[in-house]
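Chemist: Below is one structure. I have some questions about it.
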Amino acid sequence: MGRGSVYNVNKRNLIPEETCRTVRTVFSRMSDASLRFPFPYQPYSIQEQFMESLYSALDQGKIGIFESPTGTGKSLSLICGALSWLRDEEERKRQEAAVLLAEPGVSPHKQPSSASRCSPHSPSEPGWITDFVQKKAKRDLVDKLKEEELRRKRREERLEQIRHNTGLHYAMKRKKSDEDLEAVQLLQRSQEMITSEGGGLEDRDEEELIVAEYESDDDTKKKQNSYDDEDDDLEEEHVTKIYYCSRTHSQLSQFVHEVQKSPFGKDTRLVSLASRQNLCINEEVRQLGSVQLINERCMEMHKNKQSERKAPEDEEPRKRRGQRKAVCPFSSPAAMQTLRDQALAQVRDIEQLVTLAKQNRACPYYGGRLAIPAAQLVVLPYQTLLHESTRRASGIKLKDQIVIIDEAHNLIDTITCIHSALVTGAQLCCAHSQLTQYMERYRSRLKAKNLMYIKQILYVLESLVRVLGGKVGQNPKTQIITEPGTELQSINNFLFKAQIDNINLFKVQRYYEKSMISRKLSGFVEKFQGGTVQPINKENRSTAGLERFLQSIRPGAAPEVPSPDQTGGMEDGQPSMASPMMQIEGFLFALTNANKDGRVVLHRQGSLAQSSLKFLMLNPAVHFSAVLQQCRAVIIAGGTMQPVADFKEQLLLSAGVGPERIAVFSCGHVIPPNNILPIILCSGPSGQQLEFTYQKRDTPHMMDETGRILSNLCNVVPGGVVCFFPSYEYEKRVHAHWEETGLLARLSAKKKIFQEPKKASQVEQVLAEYSRCIQRCSQSTGPLTGALLFSVVGGKMSEGINFSDDLGRCVVMVGMPYPNIKSPELQEKMAYLDKTMPRVGGVSPGKALIENLCMKAVNQSIGRAIRHRGDYASVLLLDQRYSRAGPLSKLPQWIRNSTQVQPAFGPAFAALRKFFMEKKTLSRS
Ligand code: SF4
């Protein structure tokens, strides 16, 4: 029986052993793979192996690292493997419950004789006490089982009816059930209530900008406990579920489409979560543009409703005065319950959820959250799952649940990024100025504790500006830094250097959270910075000064609140951030991490506005450990997970996971081995040894030799050739050199040349032209045989873009894309690893990190070419260093197995020519 079986009753020996045996027997009969894994077509054998391994990893509560190359149907294997396990787990629980309820001895009024056989009996305890405790536990369990069974049946009936009556608005008309009441409670918990008379966004009351009376932790300990208790009462039972997360919105949508097409597409309760920016259907809020402003406005409307609920006696006079606070018109509990049920009744992606939400006039952001407890599959972006407070705010509970993290090859970097924080000198000055204005305006209305904390924050801001070499109260753009440079400090040293080591940052953090000062300040700025919610941009920047002037001459005028722009915080072309304080809040929170787990990078350059402080997270395991500890099982999956050592050591072992809990699965590709020809080329056509080190790669010899290799390749490779360079700068230099020597013109005679654009917006256009060109060439008999694309490792085209079939018949990797070892941040990370991790195979962890980063980038790039079973391509790694044992062992197994190391160009070229000739013959026959 799997870990964490139903209600953990077997841990307490409440289920007789023979009952457990019966259930085990039932499930052992289901061992046939075809029964276990419904699949839309006959799966490849590697898909069967994948699903088998996944099933057992989930069942045994493992942390699995799963690698399955792109094009092998990984998503479908994940869906069918994981949902098969979930289906069996639910069935297992149902059968256990049924057996337990059917036992004559488990009646609430009758003691089962079998239970007494299985129950532990403490010799020090009188028998009648043990009996009593057992009876009570049994009764409670039976009651709970009955209640849950009833709730499950009701939900299934309701969803079933919706599925069959989608056009009848069944759910709108249904009576309130017990579960509806739970939904209302949950809604109340998220501070959502509707008022049809809600005011517009402009109805902002200055009163609501003032921070409420604040009591410190010690003062409120008692009160806090009572709030927590209240929250606990409102908690709803979450069914066992799978949280599936991926990196981008489109990857999540693709996954949902795969679920729709799978045999589980009809009856899986799935909900997609996303940010308010993606989901909000309130046009007034959406038009605010930036994530931060949308979040702030939405949360503020919640707060308004909450305060209305808390102070009903104040409400009438306010209503009479027509000053009702703004609330969102899409937060009606009834509409959201309907949305919740309809969302669960049918598998939908984000766009479909938004459409449904608009039809129901219900918020999909909160409606989705409401659907989490009953959902079987929750699809969500990385950030929502990996960031603890976001997770909490979204109503996600990981206890005993399954988490699948897909496209996880950059998981370490992602966790590091999410928990790092950066503030600029401009933001610090702006926040200081805004908070000073705020304090001055409301000084007489602020309670003493508030004033104390606000002054403390002002002091911290001033100290942070000082440590960057500037002063508050002056324009940061005109403050020139006299001693530029980059410095790295431990957290404690930084606090000492900034002279804020005497401040209790935990208390400040708590004040930020409880008082919501950042949000209040943002509202204050919004109200007095011209009275408009529009972000300051190039267009309206010119009128902002006039508005401020007009305001200042009005009697009783509001203070002139500087915007980030005035203080230099505006990034050109970007919406201005209403609250730089939010950014600073994140930075100050980061400083509460353990001293050993992070560093502060002081970057002083140019003006104070351009200088910055960055918190660098060194130990991502700190934040990942909560996920690992709470979940029943975690699966980290990707197309290219090699080298896996990083995941194991930096994320899992460091988080305290025992090696026995880690399961690694790696499968080959679905293509026949002779459809891929990977070659490590050690020298070029003129015998020049290929080693693209920083010292050698810029020499004309190396550039010319690379050109000669490409020129030869273009003669034998049909369709598209994608050539990856280690950086934009190097690609630019090589391109310029080839232009000068005339090589580019010679290459152009065979392949039309394309370059990866630096702007993401142009990628699609370049790809479309590249693809059109290859298609045209394949249909004509002219001298042009295809296209050559110069791309950059880690650039716009090394991830998420398919070079399938003719789009990528050959991928060339020029040199080894090692990261910049001189970067102080990387050096600090290496030093940290050397200090905290053991050496493996005589190699220091810092050095291993460098090689792993390089090989991960290589694997991502070369994995672009083979995308399906009938595809074929060659991969050319230009650098003799690839032939060393370390890099070679870090290639994906399916590439490594066929890799040839070629010391000379001649045999390599012959092998390539033969490879493509054979493919040509095959395609003709
Ligand atoms: S409740 Fe929903 S629809 Fe309303 S503002 Fe918030 S996110 Fe937008």
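In the structure tokens, chains take letters A, B, ... by order of appearance, with residues numbered from 1 within each chain and ligands from 1 in the order shown.
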As a PyMOL selection string, please: the residues near region 586-601 of chain A (cut-off 6 Å, only C-alpha atoms, same-chain neighbours under 2 positions excluded).

Modeler: chain A and resi 421+487-491+583-584+613-619

Chemist: Hey, can you spit out that residue selection with all heavy atoms as a short mmCIF file (atom, residue, chain, number, x, y, z; two decimals), in the first residue's frame?

Modeler:
```cif
data_model
loop_
_atom_site.label_atom_id
_atom_site.label_comp_id
_atom_site.auth_asym_id
_atom_site.auth_seq_id
_atom_site.Cartn_x
_atom_site.Cartn_y
_atom_site.Cartn_z
N ALA A 421 16.60 39.71 -5.05
CA ALA A 421 15.87 41.00 -5.13
C ALA A 421 16.85 42.11 -5.46
O ALA A 421 18.00 42.09 -4.99
CB ALA A 421 15.19 41.28 -3.80
N GLU A 487 30.89 45.29 -5.17
CA GLU A 487 31.37 44.73 -3.90
C GLU A 487 30.37 43.67 -3.45
O GLU A 487 29.17 43.86 -3.59
CB GLU A 487 31.36 45.89 -2.89
CG GLU A 487 32.27 45.75 -1.72
CD GLU A 487 32.10 46.98 -0.81
OE1 GLU A 487 31.99 48.13 -1.32
OE2 GLU A 487 32.05 46.77 0.40
N LEU A 488 30.88 42.60 -2.90
CA LEU A 488 29.98 41.55 -2.38
C LEU A 488 30.11 41.45 -0.87
O LEU A 488 31.22 41.44 -0.34
CB LEU A 488 30.39 40.22 -3.00
CG LEU A 488 29.46 39.76 -4.09
CD1 LEU A 488 30.20 39.55 -5.36
CD2 LEU A 488 28.79 38.48 -3.66
N GLN A 489 29.00 41.40 -0.20
CA GLN A 489 29.04 41.34 1.26
C GLN A 489 28.13 40.22 1.76
O GLN A 489 27.08 39.96 1.16
CB GLN A 489 28.49 42.66 1.83
CG GLN A 489 29.24 43.90 1.44
CD GLN A 489 30.39 44.18 2.40
OE1 GLN A 489 30.48 43.55 3.45
NE2 GLN A 489 31.24 45.12 2.03
N SER A 490 28.52 39.63 2.88
CA SER A 490 27.58 38.71 3.54
C SER A 490 26.44 39.58 4.10
O SER A 490 26.60 40.80 4.25
CB SER A 490 28.27 37.95 4.65
OG SER A 490 28.56 38.84 5.70
N ILE A 491 25.33 38.96 4.43
CA ILE A 491 24.18 39.75 4.91
C ILE A 491 24.58 40.53 6.17
O ILE A 491 24.34 41.73 6.28
CB ILE A 491 22.97 38.85 5.19
CG1 ILE A 491 22.54 38.12 3.91
CG2 ILE A 491 21.80 39.66 5.75
CD1 ILE A 491 21.43 37.11 4.10
N GLN A 583 9.25 47.04 -4.15
CA GLN A 583 10.54 46.44 -4.52
C GLN A 583 11.47 46.42 -3.31
O GLN A 583 12.15 45.43 -3.06
CB GLN A 583 11.15 47.30 -5.64
CG GLN A 583 12.17 46.60 -6.47
CD GLN A 583 11.55 45.82 -7.61
OE1 GLN A 583 10.34 45.88 -7.82
NE2 GLN A 583 12.36 45.09 -8.32
N ILE A 584 11.46 47.52 -2.59
CA ILE A 584 12.33 47.63 -1.41
C ILE A 584 11.88 46.65 -0.33
O ILE A 584 12.69 46.03 0.35
CB ILE A 584 12.32 49.09 -0.90
CG1 ILE A 584 13.02 49.96 -1.93
CG2 ILE A 584 12.99 49.21 0.46
CD1 ILE A 584 12.69 51.42 -1.86
N LEU A 613 21.51 47.72 -5.32
CA LEU A 613 21.80 46.71 -4.30
C LEU A 613 21.05 45.47 -4.72
O LEU A 613 19.87 45.54 -5.05
CB LEU A 613 21.28 47.17 -2.93
CG LEU A 613 21.90 48.42 -2.34
CD1 LEU A 613 21.11 48.85 -1.10
CD2 LEU A 613 23.35 48.15 -1.96
N LYS A 614 21.75 44.34 -4.71
CA LYS A 614 21.06 43.12 -5.12
C LYS A 614 21.26 42.05 -4.06
O LYS A 614 22.38 41.82 -3.60
CB LYS A 614 21.63 42.64 -6.46
CG LYS A 614 20.96 41.37 -6.94
CD LYS A 614 21.53 40.92 -8.26
CE LYS A 614 20.84 39.63 -8.69
NZ LYS A 614 21.36 39.13 -9.93
N PHE A 615 20.16 41.42 -3.69
CA PHE A 615 20.30 40.27 -2.81
C PHE A 615 20.44 39.05 -3.70
O PHE A 615 19.60 38.79 -4.56
CB PHE A 615 19.09 40.09 -1.88
CG PHE A 615 19.19 38.82 -1.09
CD1 PHE A 615 20.00 38.77 0.03
CD2 PHE A 615 18.53 37.67 -1.49
CE1 PHE A 615 20.15 37.58 0.74
CE2 PHE A 615 18.68 36.48 -0.79
CZ PHE A 615 19.48 36.44 0.33
N LEU A 616 21.52 38.31 -3.49
CA LEU A 616 21.79 37.14 -4.32
C LEU A 616 21.56 35.88 -3.48
O LEU A 616 22.22 35.67 -2.46
CB LEU A 616 23.25 37.21 -4.76
CG LEU A 616 23.80 36.07 -5.59
CD1 LEU A 616 23.13 36.04 -6.95
CD2 LEU A 616 25.31 36.23 -5.76
N MET A 617 20.60 35.08 -3.90
CA MET A 617 20.31 33.85 -3.16
C MET A 617 21.33 32.78 -3.57
O MET A 617 21.50 32.50 -4.75
CB MET A 617 18.87 33.42 -3.51
CG MET A 617 18.44 32.07 -3.04
SD MET A 617 18.74 31.71 -1.32
CE MET A 617 17.55 32.71 -0.51
N LEU A 618 22.05 32.26 -2.60
CA LEU A 618 23.08 31.26 -2.92
C LEU A 618 22.58 29.84 -2.72
O LEU A 618 23.10 28.90 -3.30
CB LEU A 618 24.31 31.47 -2.03
CG LEU A 618 25.15 32.71 -2.30
CD1 LEU A 618 26.25 32.84 -1.28
CD2 LEU A 618 25.74 32.68 -3.70
N ASN A 619 21.60 29.69 -1.85
CA ASN A 619 21.16 28.35 -1.51
C ASN A 619 19.67 28.16 -1.83
O ASN A 619 18.82 28.31 -0.96
CB ASN A 619 21.42 28.11 -0.02
CG ASN A 619 21.08 26.70 0.39
OD1 ASN A 619 20.80 25.85 -0.44
ND2 ASN A 619 21.08 26.45 1.69
#
```

Chemist: Residues within 6 Å of region 896-906 of chain A, please, as a PDB file with N, CA, C and O atoms, in the first residue's frame. Count only C-alpha atoms; anything in the same chain fewer than 4 positions from it doesn't count.

Modeler:
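result_5.pdb written:
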```pdb
ATOM      1  N   PRO A 678      25.893  12.714 -34.125  1.00  0.00           N
ATOM      2  CA  PRO A 678      26.613  13.729 -33.366  1.00  0.00           C
ATOM      3  C   PRO A 678      28.133  13.530 -33.508  1.00  0.00           C
ATOM      4  O   PRO A 678      28.628  12.432 -33.329  1.00  0.00           O
ATOM      5  N   ILE A 679      28.809  14.613 -33.842  1.00  0.00           N
ATOM      6  CA  ILE A 679      30.269  14.522 -34.048  1.00  0.00           C
ATOM      7  C   ILE A 679      30.968  15.593 -33.213  1.00  0.00           C
ATOM      8  O   ILE A 679      30.573  16.761 -33.218  1.00  0.00           O
ATOM      9  N   ILE A 680      31.995  15.163 -32.489  1.00  0.00           N
ATOM     10  CA  ILE A 680      32.857  16.144 -31.815  1.00  0.00           C
ATOM     11  C   ILE A 680      34.050  16.339 -32.746  1.00  0.00           C
ATOM     12  O   ILE A 680      34.811  15.398 -33.002  1.00  0.00           O
ATOM     13  N   LEU A 681      34.167  17.546 -33.252  1.00  0.00           N
ATOM     14  CA  LEU A 681      35.223  17.811 -34.232  1.00  0.00           C
ATOM     15  C   LEU A 681      36.394  18.515 -33.534  1.00  0.00           C
ATOM     16  O   LEU A 681      36.209  19.575 -32.918  1.00  0.00           O
ATOM     17  N   CYS A 682      37.578  17.886 -33.635  1.00  0.00           N
ATOM     18  CA  CYS A 682      38.730  18.440 -32.908  1.00  0.00           C
ATOM     19  C   CYS A 682      39.587  19.364 -33.767  1.00  0.00           C
ATOM     20  O   CYS A 682      40.360  20.159 -33.240  1.00  0.00           O
ATOM     21  N   SER A 683      39.499  19.237 -35.099  1.00  0.00           N
ATOM     22  CA  SER A 683      40.254  20.182 -35.934  1.00  0.00           C
ATOM     23  C   SER A 683      39.527  20.424 -37.259  1.00  0.00           C
ATOM     24  O   SER A 683      38.694  19.613 -37.680  1.00  0.00           O
ATOM     25  N   GLY A 684      39.891  21.535 -37.875  1.00  0.00           N
ATOM     26  CA  GLY A 684      39.183  21.970 -39.083  1.00  0.00           C
ATOM     27  C   GLY A 684      39.825  21.450 -40.357  1.00  0.00           C
ATOM     28  O   GLY A 684      40.810  20.697 -40.314  1.00  0.00           O
ATOM     29  N   PRO A 685      39.322  21.895 -41.532  1.00  0.00           N
ATOM     30  CA  PRO A 685      39.825  21.406 -42.822  1.00  0.00           C
ATOM     31  C   PRO A 685      41.309  21.679 -43.037  1.00  0.00           C
ATOM     32  O   PRO A 685      42.005  20.901 -43.679  1.00  0.00           O
ATOM     33  N   LEU A 891      26.510  14.927 -21.887  1.00  0.00           N
ATOM     34  CA  LEU A 891      25.574  14.997 -23.024  1.00  0.00           C
ATOM     35  C   LEU A 891      24.398  14.083 -22.717  1.00  0.00           C
ATOM     36  O   LEU A 891      24.564  13.088 -22.006  1.00  0.00           O
ATOM     37  N   PRO A 892      23.196  14.376 -23.251  1.00  0.00           N
ATOM     38  CA  PRO A 892      22.081  13.458 -23.028  1.00  0.00           C
ATOM     39  C   PRO A 892      22.449  12.074 -23.551  1.00  0.00           C
ATOM     40  O   PRO A 892      23.118  11.968 -24.586  1.00  0.00           O
TER      41      PRO A 892
END
```

Chemist: How many Å lie between CA of Asn304 (chain A) and CA of Met581 (chain A), rounded to one decimal?

Modeler: 21.4 Å

Chemist: For ligand 1, list the contacting residues at 9 Å or closer, counting only C-alpha atoms and all ligand atoms, as a ChimeraX atom specification.

Modeler: /A:192,275-286,294-295,297-299,301-302,327-331,361-367

Chemist: I'd like the interatomic distance between CA of Ser611 (chain A) and CA of Ile415 (chain A), to a tenth of an Å.

Modeler: 24.5 Å

Chemist: Residues near Gly61 (chain A), anyone? I mean within 10 Å using only C-alpha atoms, not counting same-chain ones fewer than 4 positions away, as a list in words.

Modeler: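 Everything that qualifies: Gly2, Arg3, Gly4, Tyr55, Ser56, Ala57, Asp400, Gln401, Ile402, Cys631, Arg632, Ala633, Val634, Ile635, Arg661 and Ile662 of chain A.
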
Chemist: What would the file look like if the residues just selected were written as a CSV table (one decimal), in the first residue's frame with C-alpha atoms?

Modeler:
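Printed below is out.csv as written:
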```
chain,number,residue,atom,x,y,z
A,2,GLY,CA,1.2,3.5,-0.8
A,3,ARG,CA,2.6,5.9,1.6
A,4,GLY,CA,0.1,8.2,3.3
A,55,TYR,CA,3.7,5.6,-11.2
A,56,SER,CA,6.0,3.8,-8.8
A,57,ALA,CA,7.7,7.1,-7.9
A,400,ASP,CA,0.6,15.0,1.0
A,401,GLN,CA,0.0,16.2,-2.6
A,402,ILE,CA,1.9,15.6,-5.8
A,631,CYS,CA,4.5,16.9,-0.7
A,632,ARG,CA,3.9,13.2,-1.0
A,633,ALA,CA,6.1,13.1,-4.1
A,634,VAL,CA,7.8,15.6,-6.4
A,635,ILE,CA,8.7,15.0,-10.0
A,661,ARG,CA,14.2,9.0,-1.7
A,662,ILE,CA,15.7,10.2,-5.1
```

Chemist: Using only C-alpha atoms, which residue out of A:Arg604, A:Arg348, A:Arg867, A:Lys648 lies closest to Val259 (chain A)?

Modeler: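 Looking only at the distances to Val259 (chain A), the closest residue turns out to be A:Arg348.
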
Chemist: Would you kindly return, as a VMD selection string, each protein, DNA or RNA residue with an atom no farther than 6 Å from any atom of region 748-765 of chain A, considering only C-alpha atoms and excluding same-chain residues fewer than 2 positions away?

Modeler: chain A and resid 745 to 746 767 to 768 784 to 791

Chemist: Hey, what's within 10 Å of Ala831 (chain A) if we count only C-alpha atoms and toss same-chain stuff fewer than 3 positions away? As a ChimeraX atom specification, please?

Modeler: /A:825-828,834-836,844-847

Chemist: Write out the residues from the selection above, keeping C-alpha atoms, as a PDB file, in the first residue's frame.

Modeler:
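Produced file out.pdb, reproduced below:
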```
ATOM      1  CA  GLU A 825      28.211  36.660  -8.464  1.00  0.00           C
ATOM      2  CA  LEU A 826      29.372  33.442 -10.095  1.00  0.00           C
ATOM      3  CA  GLN A 827      32.594  33.472  -8.116  1.00  0.00           C
ATOM      4  CA  GLU A 828      30.606  33.838  -4.901  1.00  0.00           C
ATOM      5  CA  ASP A 834      33.143  24.714  -2.483  1.00  0.00           C
ATOM      6  CA  LYS A 835      32.477  25.483   1.161  1.00  0.00           C
ATOM      7  CA  THR A 836      29.248  23.547   1.523  1.00  0.00           C
ATOM      8  CA  SER A 844      35.573  20.868  -6.760  1.00  0.00           C
ATOM      9  CA  PRO A 845      31.832  21.692  -6.732  1.00  0.00           C
ATOM     10  CA  GLY A 846      32.569  25.220  -7.981  1.00  0.00           C
ATOM     11  CA  LYS A 847      34.384  23.902 -11.054  1.00  0.00           C
TER      12      LYS A 847
END
```

Chemist: If DSSP is run on the backbone, what residues of region 882-922 of chain A are helix (DSSP H, G or I)? A reply as a list in words would be ideal.

Modeler: Tyr882, Ser883, Ala885, Gly886, Pro887, Leu888, Ser889, Gln893, Trp894, Ile895, Arg896, Phe905, Gly906, Pro907, Ala908, Phe909, Ala910, Ala911, Leu912, Arg913, Lys914, Phe915, Phe916, Met917, Glu918, Lys919, Lys920, Thr921 and Leu922 of chain A
